[in-house]
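Undergrad: One file is attached below, structure.txt, containing compact mmCIF, C-alpha atoms.
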```
# COMPACT_ATOMS: atom_id res chain seq x y z
CA VAL V 1 -13.64 4.15 -1.86
CA SER V 2 -9.90 3.54 -1.51
CA PRO V 3 -8.55 5.90 1.12
CA ASP V 4 -5.21 4.13 1.42
CA GLY V 5 -4.00 4.58 -2.15
CA SER V 6 -5.00 4.43 -5.78
CA ALA V 7 -5.62 1.22 -7.66
CA PRO V 8 -4.11 0.23 -11.00
CA SER V 9 -6.14 1.14 -14.03
CA ALA V 10 -9.18 -0.92 -14.95
CA THR V 11 -7.61 -1.79 -18.28
CA ALA V 12 -4.49 -3.20 -16.63
CA ALA V 13 -6.48 -5.10 -14.04
CA SER V 14 -8.84 -6.54 -16.64
CA GLY V 15 -5.90 -7.61 -18.75
CA ARG V 16 -4.35 -9.50 -15.87
CA ALA V 17 -7.68 -11.12 -15.04
CA SER V 18 -8.16 -12.32 -18.60
CA GLN V 19 -4.84 -14.12 -18.38
CA ALA V 20 -5.69 -15.80 -15.05
CA THR V 21 -5.74 -19.58 -14.98
CA GLU V 22 -9.31 -20.83 -15.07
CA ARG V 23 -10.02 -23.40 -12.39
CA SER V 24 -12.64 -26.12 -12.80
CA PRO V 25 -15.32 -26.84 -10.18
CA CYS V 26 -14.09 -30.44 -10.44
CA ALA V 27 -10.91 -29.29 -8.70
CA ALA V 28 -12.45 -27.51 -5.71
CA PRO V 29 -9.69 -27.18 -3.08
CA SER V 30 -12.02 -28.04 -0.20
CA GLN V 31 -12.62 -31.43 -1.78
CA ARG V 32 -8.96 -32.26 -1.29
CA ALA V 33 -8.82 -31.21 2.38
CA ALA V 34 -7.86 -34.21 4.48
CA SER V 35 -7.49 -33.18 8.11
CA ASP V 36 -9.42 -34.93 10.88
CA LEU V 37 -11.86 -32.00 10.92
CA ASP V 38 -12.67 -32.55 7.22
CA ALA V 39 -14.04 -36.09 7.75
CA ARG V 40 -17.39 -36.71 6.07
CA ASP V 41 -18.48 -40.31 6.66
CA ASP V 42 -19.93 -42.43 9.45
CA ASP V 43 -16.54 -43.89 10.36
CA ALA V 44 -15.51 -40.46 11.65
CA LEU V 45 -18.31 -40.51 14.23
CA THR V 46 -16.74 -43.33 16.22
CA ASP V 47 -14.04 -41.00 17.58
CA CYS V 48 -15.27 -37.56 18.56
CA ARG V 49 -13.32 -34.42 17.67
CA ASP V 50 -13.81 -30.88 18.91
CA PRO V 51 -14.69 -28.97 15.72
CA ARG V 52 -14.00 -25.52 17.16
CA THR V 53 -12.38 -23.19 14.63
CA GLY V 54 -10.93 -20.92 17.32
CA PRO V 55 -12.03 -19.10 20.46
CA ARG V 56 -15.53 -17.65 20.54
CA PRO V 57 -14.62 -14.03 19.80
CA GLU V 58 -16.27 -10.75 20.54
CA ALA V 59 -17.67 -9.03 17.45
CA ALA V 60 -14.42 -7.18 16.75
CA ALA V 61 -12.11 -10.16 17.21
CA CYS V 62 -12.13 -11.25 13.57
CA ALA V 63 -10.68 -7.90 12.54
CA GLU V 64 -8.20 -7.72 15.39
CA ALA V 65 -6.69 -11.19 15.06
CA PRO V 66 -3.09 -11.32 13.85
CA ARG V 67 -2.48 -12.08 10.19
CA HIS V 68 -0.54 -15.14 9.11
CA ALA V 69 -0.28 -13.92 5.51
CA THR V 70 -0.30 -10.60 3.69
CA LEU V 71 -3.46 -9.31 2.06
CA SER V 72 -1.88 -9.97 -1.33
CA GLN V 73 -1.26 -13.60 -0.38
CA GLN V 74 -4.82 -13.95 0.88
CA LEU V 75 -6.26 -12.60 -2.37
CA GLU V 76 -4.20 -15.11 -4.31
CA GLN V 77 -5.61 -17.92 -2.16
CA LEU V 78 -9.14 -16.59 -2.60
CA GLU V 79 -8.70 -16.86 -6.37
CA GLU V 80 -8.49 -20.63 -5.83
CA ALA V 81 -12.07 -20.54 -4.55
CA LEU V 82 -13.46 -19.19 -7.86
CA LEU V 83 -14.20 -22.08 -10.18
CA LEU V 84 -15.73 -22.04 -13.65
CA PRO V 85 -16.79 -24.83 -16.00
CA PRO V 86 -15.12 -25.19 -19.41
CA PRO V 87 -15.52 -22.18 -21.76
CA GLY V 88 -17.84 -24.08 -24.08
CA ARG V 89 -20.23 -24.84 -21.26
CA MET V 90 -20.17 -21.22 -20.07
CA ARG V 91 -20.89 -19.98 -23.61
CA GLU V 92 -23.89 -22.33 -23.76
CA LEU V 93 -25.27 -21.09 -20.42
CA MET V 94 -24.66 -17.45 -21.32
CA ALA V 95 -26.34 -17.83 -24.73
CA ARG V 96 -29.46 -19.30 -23.14
CA ALA V 97 -29.64 -16.49 -20.59
CA ARG V 98 -29.26 -13.84 -23.30
CA ALA V 99 -31.89 -15.47 -25.51
CA ARG V 100 -34.35 -15.44 -22.60
CA GLY V 101 -33.62 -11.77 -21.96
CA ARG V 102 -32.06 -12.32 -18.56
CA HIS V 103 -30.29 -9.25 -17.23
CA PRO V 104 -26.49 -9.71 -17.06
CA ASP V 105 -26.10 -7.22 -14.18
CA ARG V 106 -28.72 -8.77 -11.89
CA PHE V 107 -28.27 -11.70 -9.55
CA LEU V 108 -30.78 -13.43 -7.31
CA LEU V 109 -29.60 -14.54 -3.86
CA ILE V 110 -31.10 -17.85 -2.73
CA GLY V 111 -30.39 -19.46 0.63
CA ASP V 112 -30.76 -19.57 4.39
CA SER V 113 -29.68 -17.29 7.25
CA MET V 114 -26.21 -16.94 5.73
CA THR V 115 -27.90 -15.07 2.86
CA VAL V 116 -30.52 -13.29 4.95
CA SER V 117 -27.70 -11.78 7.02
CA GLY V 118 -27.40 -8.02 6.95
CA GLY V 119 -23.64 -8.51 7.11
CA TYR V 120 -23.64 -9.97 3.60
CA LEU V 121 -23.59 -7.46 0.68
CA ARG V 122 -26.14 -4.98 2.06
CA ASP V 123 -23.51 -2.48 3.20
CA LEU V 124 -22.21 -2.30 -0.36
CA ASP V 125 -25.32 -0.25 -1.16
CA ARG V 126 -23.83 2.55 0.95
CA PRO V 127 -20.77 4.41 -0.35
CA ASP V 128 -20.13 5.76 3.15
CA ARG V 129 -19.73 2.22 4.51
CA THR V 130 -17.77 0.79 1.59
CA VAL V 131 -13.99 0.71 1.76
CA LEU V 132 -11.86 -1.22 -0.72
CA ALA V 133 -8.14 -1.77 -0.35
CA PRO V 134 -6.24 -0.85 -3.54
CA ALA V 135 -5.44 -4.52 -4.23
CA VAL V 136 -9.15 -5.35 -3.95
CA SER V 137 -10.12 -2.47 -6.26
CA ALA V 138 -7.63 -3.73 -8.83
CA ARG V 139 -9.09 -7.24 -8.83
CA LEU V 140 -12.65 -5.95 -9.11
CA ALA V 141 -11.92 -3.38 -11.80
CA SER V 142 -13.93 -3.77 -14.98
CA VAL V 143 -13.38 -1.87 -18.22
CA ASP V 144 -17.03 -1.56 -19.19
CA SER V 145 -18.13 -0.33 -15.75
CA ASP V 146 -15.63 2.55 -15.63
CA GLY V 147 -13.39 0.54 -13.37
CA ASP V 148 -15.53 0.68 -10.22
CA PHE V 149 -17.55 -2.54 -10.28
CA VAL V 150 -19.12 -1.98 -6.86
CA ALA V 151 -20.39 1.49 -7.81
CA PHE V 152 -21.66 0.08 -11.10
CA LEU V 153 -23.71 -2.66 -9.40
CA ARG V 154 -24.98 -0.12 -6.88
CA SER V 155 -26.43 1.84 -9.82
CA VAL V 156 -28.23 -1.15 -11.36
CA GLU V 157 -31.97 -1.32 -10.78
CA ALA V 158 -32.74 -4.94 -9.95
CA GLU V 159 -36.39 -4.28 -9.09
CA ARG V 160 -38.80 -1.70 -7.70
CA VAL V 161 -40.44 -2.19 -4.33
CA GLU V 162 -43.38 0.14 -3.71
CA GLY V 163 -42.00 2.40 -6.41
CA VAL V 164 -38.53 2.58 -4.90
CA PRO V 165 -35.68 1.18 -7.03
CA ARG V 166 -33.39 -1.35 -5.40
CA SER V 167 -29.93 -2.41 -6.49
CA PRO V 168 -28.95 -6.10 -6.54
CA PHE V 169 -27.37 -5.54 -3.12
CA GLY V 170 -30.67 -4.40 -1.60
CA ALA V 171 -33.18 -6.36 -3.69
CA LEU V 172 -35.44 -8.91 -2.06
CA ARG V 173 -33.74 -12.24 -1.46
CA ALA V 174 -35.15 -15.74 -1.87
CA ALA V 175 -33.78 -16.59 1.56
CA ARG V 176 -35.13 -17.48 4.99
CA VAL V 177 -33.62 -18.13 8.40
CA GLY V 178 -33.62 -21.87 9.12
CA ALA V 179 -34.37 -22.85 5.52
CA ARG V 180 -33.22 -26.12 4.03
CA ALA V 181 -32.66 -26.53 0.30
CA SER V 182 -36.16 -27.96 -0.22
CA TRP V 183 -37.68 -24.62 0.85
CA ALA V 184 -36.53 -22.79 -2.30
CA LEU V 185 -39.06 -24.64 -4.45
CA ALA V 186 -41.88 -24.91 -1.90
CA GLY V 187 -45.12 -23.74 -3.46
CA GLY V 188 -44.40 -24.79 -7.02
CA PRO V 189 -44.81 -21.87 -9.48
CA GLY V 190 -45.20 -19.51 -6.51
CA SER V 191 -42.03 -20.70 -4.80
CA PRO V 192 -39.39 -18.29 -3.46
CA LEU V 193 -37.13 -19.21 -6.37
CA HIS V 194 -39.75 -18.66 -9.07
CA THR V 195 -40.97 -15.44 -7.45
CA GLY V 196 -37.45 -14.05 -7.26
CA VAL V 197 -36.69 -14.85 -10.89
CA ALA V 198 -40.01 -13.32 -12.03
CA ARG V 199 -39.33 -10.10 -10.11
CA GLN V 200 -35.72 -9.58 -11.15
CA SER V 201 -35.09 -11.61 -14.34
CA PRO V 202 -31.45 -12.16 -13.35
CA ALA V 203 -28.84 -13.88 -15.46
CA PHE V 204 -27.34 -15.44 -12.31
CA ALA V 205 -28.59 -16.99 -9.09
CA LEU V 206 -26.17 -17.47 -6.20
CA VAL V 207 -27.34 -20.50 -4.24
CA LEU V 208 -26.12 -21.37 -0.74
CA PHE V 209 -27.81 -24.00 1.40
CA GLY V 210 -26.46 -26.82 3.52
CA GLY V 211 -26.00 -25.68 7.11
CA ASN V 212 -29.59 -26.46 8.11
CA ASP V 213 -29.74 -29.56 5.91
CA ALA V 214 -26.78 -30.94 7.87
CA ALA V 215 -28.07 -29.98 11.31
CA TYR V 216 -31.77 -30.81 11.35
CA ARG V 217 -31.50 -34.56 11.94
CA ALA V 218 -29.13 -37.34 12.91
CA ALA V 219 -29.00 -40.07 10.27
CA PRO V 220 -26.40 -42.02 8.32
CA VAL V 221 -24.15 -39.37 6.80
CA ALA V 222 -24.68 -40.59 3.25
CA GLU V 223 -28.45 -40.41 3.73
CA VAL V 224 -28.24 -36.79 4.87
CA SER V 225 -25.94 -35.78 2.01
CA ASP V 226 -27.99 -37.70 -0.58
CA GLY V 227 -31.15 -35.89 0.49
CA PHE V 228 -29.42 -32.53 0.31
CA ALA V 229 -27.91 -33.29 -3.11
CA ALA V 230 -31.33 -34.27 -4.46
CA ASP V 231 -32.90 -31.01 -3.24
CA LEU V 232 -30.02 -28.91 -4.55
CA SER V 233 -30.22 -30.68 -7.90
CA ARG V 234 -33.91 -29.75 -8.14
CA ILE V 235 -32.97 -26.11 -7.57
CA VAL V 236 -30.41 -26.36 -10.37
CA ASP V 237 -32.98 -27.95 -12.68
CA ALA V 238 -35.52 -25.21 -11.97
CA LEU V 239 -33.03 -22.41 -12.60
CA LEU V 240 -31.71 -23.94 -15.81
CA GLU V 241 -35.26 -24.41 -17.05
CA LEU V 242 -35.71 -20.66 -16.50
CA ASP V 243 -32.39 -19.97 -18.28
CA VAL V 244 -30.84 -18.54 -15.12
CA ILE V 245 -27.26 -19.63 -14.41
CA PRO V 246 -26.86 -21.24 -10.97
CA VAL V 247 -23.71 -20.37 -9.03
CA LEU V 248 -23.28 -22.97 -6.29
CA HIS V 249 -21.30 -22.73 -3.05
CA THR V 250 -19.56 -25.07 -0.69
CA VAL V 251 -20.63 -24.71 2.93
CA ALA V 252 -18.94 -22.98 5.87
CA ARG V 253 -17.65 -25.20 8.63
CA HIS V 254 -19.65 -25.94 11.77
CA GLY V 255 -17.67 -25.16 14.90
CA ASN V 256 -18.18 -25.70 18.62
CA ALA V 257 -21.49 -23.95 19.20
CA PRO V 258 -22.71 -22.78 22.62
CA GLY V 259 -25.55 -24.91 23.95
CA ILE V 260 -24.68 -27.98 21.86
CA ASP V 261 -22.74 -30.89 23.33
CA THR V 262 -19.44 -31.41 21.58
CA CYS V 263 -19.72 -35.20 21.51
CA ASP V 264 -22.86 -36.36 23.32
CA GLY V 265 -26.42 -36.55 22.11
CA PRO V 266 -27.92 -37.42 18.72
CA LEU V 267 -26.96 -34.03 17.24
CA SER V 268 -23.62 -33.21 18.79
CA ASP V 269 -21.33 -30.55 17.38
CA TRP V 270 -19.09 -33.26 15.97
CA ARG V 271 -21.93 -35.05 14.15
CA ILE V 272 -23.20 -31.74 12.73
CA ALA V 273 -19.65 -30.89 11.62
CA VAL V 274 -19.24 -34.23 9.82
CA GLN V 275 -22.66 -33.95 8.17
CA THR V 276 -21.84 -30.37 7.15
CA ASN V 277 -18.59 -31.57 5.59
CA ALA V 278 -20.58 -34.16 3.64
CA VAL V 279 -23.19 -31.78 2.25
CA SER V 280 -20.48 -29.28 1.34
CA ALA V 281 -18.70 -31.95 -0.68
CA ARG V 282 -21.94 -32.83 -2.48
CA ALA V 283 -22.47 -29.19 -3.51
CA ALA V 284 -19.00 -29.16 -5.06
CA GLN V 285 -19.62 -32.48 -6.78
CA LEU V 286 -22.91 -31.25 -8.22
CA ALA V 287 -21.22 -28.19 -9.70
CA CYS V 288 -18.65 -30.50 -11.28
CA ASP V 289 -21.23 -32.96 -12.62
CA ARG V 290 -23.54 -30.28 -14.01
CA GLY V 291 -20.86 -27.93 -15.35
CA LEU V 292 -21.74 -24.93 -13.16
CA PRO V 293 -19.78 -22.09 -11.57
CA LEU V 294 -18.76 -22.77 -7.98
CA ILE V 295 -17.61 -20.51 -5.17
CA ASP V 296 -15.61 -22.75 -2.87
CA LEU V 297 -16.68 -20.67 0.11
CA ARG V 298 -15.31 -23.17 2.62
CA HIS V 299 -11.83 -22.87 1.15
CA GLY V 300 -12.08 -19.09 1.00
CA LEU V 301 -13.21 -18.82 4.62
CA ASP V 302 -10.17 -20.77 5.74
CA THR V 303 -8.21 -17.55 5.06
CA ALA V 304 -10.25 -15.67 7.68
CA THR V 305 -10.08 -15.64 11.48
CA ALA V 306 -11.60 -18.82 12.97
CA ALA V 307 -12.58 -20.05 9.47
CA GLY V 308 -14.85 -17.03 9.13
CA LEU V 309 -17.20 -18.06 11.95
CA GLY V 310 -18.56 -15.68 14.55
CA PRO V 311 -19.17 -16.16 18.28
CA ASP V 312 -21.89 -18.79 17.78
CA GLN V 313 -19.50 -20.88 15.64
CA ILE V 314 -22.37 -21.38 13.16
CA HIS V 315 -22.87 -18.08 11.33
CA LEU V 316 -20.26 -15.90 9.67
CA SER V 317 -18.52 -13.07 11.44
CA THR V 318 -18.73 -9.48 10.15
CA HIS V 319 -16.29 -6.62 10.59
CA PRO V 320 -17.48 -4.14 13.26
CA ARG V 321 -17.81 -1.45 10.59
CA GLY V 322 -19.81 -3.73 8.31
CA GLY V 323 -19.53 -6.31 5.57
CA ALA V 324 -18.35 -3.81 2.92
CA GLN V 325 -14.96 -3.33 4.58
CA LEU V 326 -12.92 -5.15 1.93
CA THR V 327 -9.57 -4.30 3.46
CA ASP V 328 -6.77 -6.05 5.30
CA GLU V 329 -8.83 -5.97 8.51
CA GLY V 330 -12.18 -6.63 6.86
CA LEU V 331 -11.08 -9.71 4.97
CA ARG V 332 -10.31 -11.44 8.24
CA CYS V 333 -14.09 -11.68 8.79
CA GLY V 334 -16.43 -14.23 7.22
CA ASN V 335 -19.15 -12.10 5.60
CA ASN V 336 -16.52 -9.75 4.22
CA VAL V 337 -14.68 -12.65 2.61
CA ARG V 338 -17.94 -13.95 1.18
CA ALA V 339 -18.79 -10.50 -0.21
CA TYR V 340 -15.42 -10.28 -1.93
CA LEU V 341 -15.77 -13.76 -3.44
CA THR V 342 -19.27 -12.89 -4.66
CA LEU V 343 -18.11 -9.69 -6.32
CA ARG V 344 -15.09 -11.35 -7.86
CA MET V 345 -17.19 -14.19 -9.29
CA LEU V 346 -19.82 -11.78 -10.64
CA ARG V 347 -17.16 -9.66 -12.26
CA ARG V 348 -15.68 -12.67 -14.03
CA LEU V 349 -19.09 -13.94 -15.12
CA ARG V 350 -20.11 -10.53 -16.40
CA GLU V 351 -16.94 -10.22 -18.47
CA GLN V 352 -17.86 -13.52 -20.13
CA HIS V 353 -21.48 -12.46 -20.63
CA ARG V 354 -20.58 -9.50 -22.85
```
Would you give me this structure, written as structure tokens?

TA:
Amino acid sequence: VSPDGSAPSATAASGRASQATERSPCAAPSQRAASDLDARDDDALTDCRDPRTGPRPEAAACAEAPRHATLSQQLEQLEEALLLPPPGRMRELMARARARGRHPDRFLLIGDSMTVSGGYLRDLDRPDRTVLAPAVSARLASVDSDGDFVAFLRSVEAERVEGVPRSPFGALRAARVGARASWALAGGPGSPLHTGVARQSPAFALVLFGGNDAAYRAAPVAEVSDGFAADLSRIVDALLELDVIPVLHTVARHGNAPGIDTCDGPLSDWRIAVQTNAVSARAAQLACDRGLPLIDLRHGLDTATAAGLGPDQIHLSTHPRGGAQLTDEGLRCGNNVRAYLTLRMLRRLREQHR
């Protein structure tokens, strides 16, 4: 999977990873962002800003945009987006998952259209569409999976659908286009979350909501973010009760979307951007308060072209050759960055689960 050179050995890469500085979810970099476009309260709505993250590109533009840093520098910055609670808290969560018989190599994906997207993880199921730069291979290497973590996960049977085995990359997702956080638990014991856990018995659940929660109504910003935080907290409670470890995410930016007024109307681009900033901050705060792993996706996407957003300035961009292009070109695109962050977090969690 690395046509442009060989990666360092898994043993060497794992050794370096074990010495990496652990970062706490209470220190999420996106929480410290302080530009005008990071505003997240009602005061910011008095003066409109254009929240565009860049020009509305063609599909290939994310890959073709000039780099402002080397791939090595980008990977270092992406490490800042991977945040774990204190070791004692992780040992507690891992012990509960093991005692319940949760599978350490399975992960349930829970969310909205960002998680439904075919550009996110699905291409990793196909060796012919997967390309890893040597530096990426080195960071994903894992001693107990023969060094190739992507190939290892591809071989894991997460569930069977009509008798056909599916890997975690291709397993059914507890995700729906347009979903808000409340949807995950709709239906009680038969909810998407409970159904997904029953089918796959994963040790981990990667949870990403917020874009629709921020955009479905105009209200005081604190009211919107409070409602989102309450719904996300209920998801956390449900997963912990099932002894599944929630991995939370901050939320991608909202840009200048076609068909939405930048400043006018009850749900302008600027209001949606501010409300999105607010719900993103609440996701990070919840991870801090509850001692949970956090992928600071917003911070990671800031390393990509146009903050990882595609032509609609709402959803993530994907490399023209797919979301499994984890290369210099690929990691300029939003879904590719998210895939890398997911793999890197899972690799670190799995090492701790042993």

Undergrad: Atom CA of Gly334 of chain V and atom CA of Ala306 of chain V, how far apart in Å?

TA: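 Going from atom CA of Ala306 of chain V over to atom CA of Gly334 of chain V covers 8.8 Å.
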
Undergrad: Please determine, counting all atoms listed in the file, which residue among V:Leu71, V:Ala33, V:Ala171, V:Leu316 has the shortest atom-to-atom distance to Arg106 of chain V.

TA: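 For Arg106 of chain V, the nearest of the candidates is V:Ala171.
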
Undergrad: Output as CSV one row per residue of segment 34-116 of chain V within 10 Å of segment 286-290 of chain V: the closest atom pair and its distance in Å to one decimal place, counting only C-alpha atoms, sorted by chain and residue number ascending.

TA:
```
residue,atom,partner,partner_atom,distance
V:Leu83,CA,V:Ala287,CA,9.3
V:Leu84,CA,V:Ala287,CA,9.1
V:Pro85,CA,V:Cys288,CA,7.6
V:Arg89,CA,V:Arg290,CA,9.6
```

Undergrad: Rounded to one decimal, what separation in Å do you get between atom CA of Thr115 of chain V and atom CA of Gly147 of chain V?

TA: 26.8 Å

Undergrad: Can you measure atom CA of Pro25 of chain V to atom CA of Asp296 of chain V for me? One decimal in Å is fine.

TA: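 Distance between the two atoms: 8.4 Å.
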
Undergrad: In terms of the shortest atom-to-atom distance over all atoms listed in the file, which of V:Pro258, V:Gly291, V:Pro168, V:Pro311 is closest to Ala151 of chain V?

TA: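 Closest candidate: V:Pro168.
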
Undergrad: Of the residues V:Leu37, V:Ile260, V:Leu153, V:Ile272, which is the one nearest to Thr53 of chain V, using only C-alpha atoms?

TA: V:Leu37

Undergrad: For Pro189 of chain V, which residue among V:Ala34, V:Leu242, V:Ala99, V:Val279 is the nearest when counting all atoms listed in the file?

TA: V:Leu242

Undergrad: Considering all atoms listed in the file, return as a PDB file with C-alpha atoms, in the coordinates of the input whatever protein or nucleic-acid residues lie within 12 Å of segment 128-130 of chain V, sequence-local ones (same chain, fewer than 5 positions apart) excluded.

TA:
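Now in selection_11.pdb:
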```
ATOM      1  CA  VAL V   1     -13.640   4.150  -1.860  1.00  0.00           C
ATOM      2  CA  SER V   2      -9.900   3.540  -1.510  1.00  0.00           C
ATOM      3  CA  PRO V   3      -8.550   5.900   1.120  1.00  0.00           C
ATOM      4  CA  GLY V 119     -23.640  -8.510   7.110  1.00  0.00           C
ATOM      5  CA  LEU V 121     -23.590  -7.460   0.680  1.00  0.00           C
ATOM      6  CA  ARG V 122     -26.140  -4.980   2.060  1.00  0.00           C
ATOM      7  CA  ASP V 123     -23.510  -2.480   3.200  1.00  0.00           C
ATOM      8  CA  VAL V 136      -9.150  -5.350  -3.950  1.00  0.00           C
ATOM      9  CA  SER V 137     -10.120  -2.470  -6.260  1.00  0.00           C
ATOM     10  CA  VAL V 150     -19.120  -1.980  -6.860  1.00  0.00           C
ATOM     11  CA  ALA V 151     -20.390   1.490  -7.810  1.00  0.00           C
ATOM     12  CA  ARG V 154     -24.980  -0.120  -6.880  1.00  0.00           C
ATOM     13  CA  HIS V 319     -16.290  -6.620  10.590  1.00  0.00           C
ATOM     14  CA  PRO V 320     -17.480  -4.140  13.260  1.00  0.00           C
ATOM     15  CA  ARG V 321     -17.810  -1.450  10.590  1.00  0.00           C
ATOM     16  CA  GLY V 322     -19.810  -3.730   8.310  1.00  0.00           C
ATOM     17  CA  GLY V 323     -19.530  -6.310   5.570  1.00  0.00           C
ATOM     18  CA  ALA V 324     -18.350  -3.810   2.920  1.00  0.00           C
ATOM     19  CA  GLN V 325     -14.960  -3.330   4.580  1.00  0.00           C
ATOM     20  CA  LEU V 326     -12.920  -5.150   1.930  1.00  0.00           C
ATOM     21  CA  THR V 327      -9.570  -4.300   3.460  1.00  0.00           C
ATOM     22  CA  GLY V 330     -12.180  -6.630   6.860  1.00  0.00           C
ATOM     23  CA  ASN V 336     -16.520  -9.750   4.220  1.00  0.00           C
ATOM     24  CA  ALA V 339     -18.790 -10.500  -0.210  1.00  0.00           C
ATOM     25  CA  TYR V 340     -15.420 -10.280  -1.930  1.00  0.00           C
TER      26      TYR V 340
END
```

Undergrad: Go through V:Ala44, V:Ala133, V:Ile245, V:Ala95 one by one, measure the shortest atom-to-atom distance of each to Glu329 of chain V using only C-alpha atoms, and give the residue with the smallest value.

TA: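 So, comparing all the options, the nearest one is V:Ala133.
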
Undergrad: Tell me which protein, DNA and RNA residues are within 8 Å of Gln200 of chain V, counting all atoms listed in the file, leaving out same-chain ones fewer than 3 positions away, and put them as a count of residues only.

TA: 7

Undergrad: Do you know which residues lie at most 12 Å from (-39.8, -28.6, -1.5), with coordinates as in the file and all atoms listed in the file counted, and could you write them as a list in words?

TA: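 The answer, in the requested form, is Ala179, Arg180, Ala181, Ser182, Trp183, Ala184, Leu185, Ala186, Gly187, Gly188, Pro189, Gly190, Ser191, Pro192, Leu193, Gly227, Phe228, Ala230, Asp231, Leu232, Ser233, Arg234, Ile235 and Ala238 of chain V.
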
Undergrad: Write a file of the just-selected residues containing C-alpha atoms, as a short mmCIF file (atom, residue, chain, number, x, y, z; two decimals), in the frame of the given file.

TA:
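New file out.cif:
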```cif
data_model
loop_
_atom_site.label_atom_id
_atom_site.label_comp_id
_atom_site.auth_asym_id
_atom_site.auth_seq_id
_atom_site.Cartn_x
_atom_site.Cartn_y
_atom_site.Cartn_z
CA ALA V 179 -34.37 -22.85 5.52
CA ARG V 180 -33.22 -26.12 4.03
CA ALA V 181 -32.66 -26.53 0.30
CA SER V 182 -36.16 -27.96 -0.22
CA TRP V 183 -37.68 -24.62 0.85
CA ALA V 184 -36.53 -22.79 -2.30
CA LEU V 185 -39.06 -24.64 -4.45
CA ALA V 186 -41.88 -24.91 -1.90
CA GLY V 187 -45.12 -23.74 -3.46
CA GLY V 188 -44.40 -24.79 -7.02
CA PRO V 189 -44.81 -21.87 -9.48
CA GLY V 190 -45.20 -19.51 -6.51
CA SER V 191 -42.03 -20.70 -4.80
CA PRO V 192 -39.39 -18.29 -3.46
CA LEU V 193 -37.13 -19.21 -6.37
CA GLY V 227 -31.15 -35.89 0.49
CA PHE V 228 -29.42 -32.53 0.31
CA ALA V 230 -31.33 -34.27 -4.46
CA ASP V 231 -32.90 -31.01 -3.24
CA LEU V 232 -30.02 -28.91 -4.55
CA SER V 233 -30.22 -30.68 -7.90
CA ARG V 234 -33.91 -29.75 -8.14
CA ILE V 235 -32.97 -26.11 -7.57
CA ALA V 238 -35.52 -25.21 -11.97
#
```

Undergrad: Residues near Leu297 of chain V, anyone? I mean within 12 Å using only C-alpha atoms, not counting same-chain ones fewer than 3 positions away, as a ChimeraX atom specification.

TA: /V:28-31,77-83,114,206-209,247-253,280-281,283-284,294,300-304,307-308,316,334-342,345

Undergrad: Here is a test: counting all atoms listed in the file, which residue of V:Cys263, V:Cys26, V:Met90, V:Leu45 is nearest to Arg350 of chain V?

TA: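 Between V:Cys263, V:Cys26, V:Met90, V:Leu45, the residue approaching Arg350 of chain V most closely is V:Met90.
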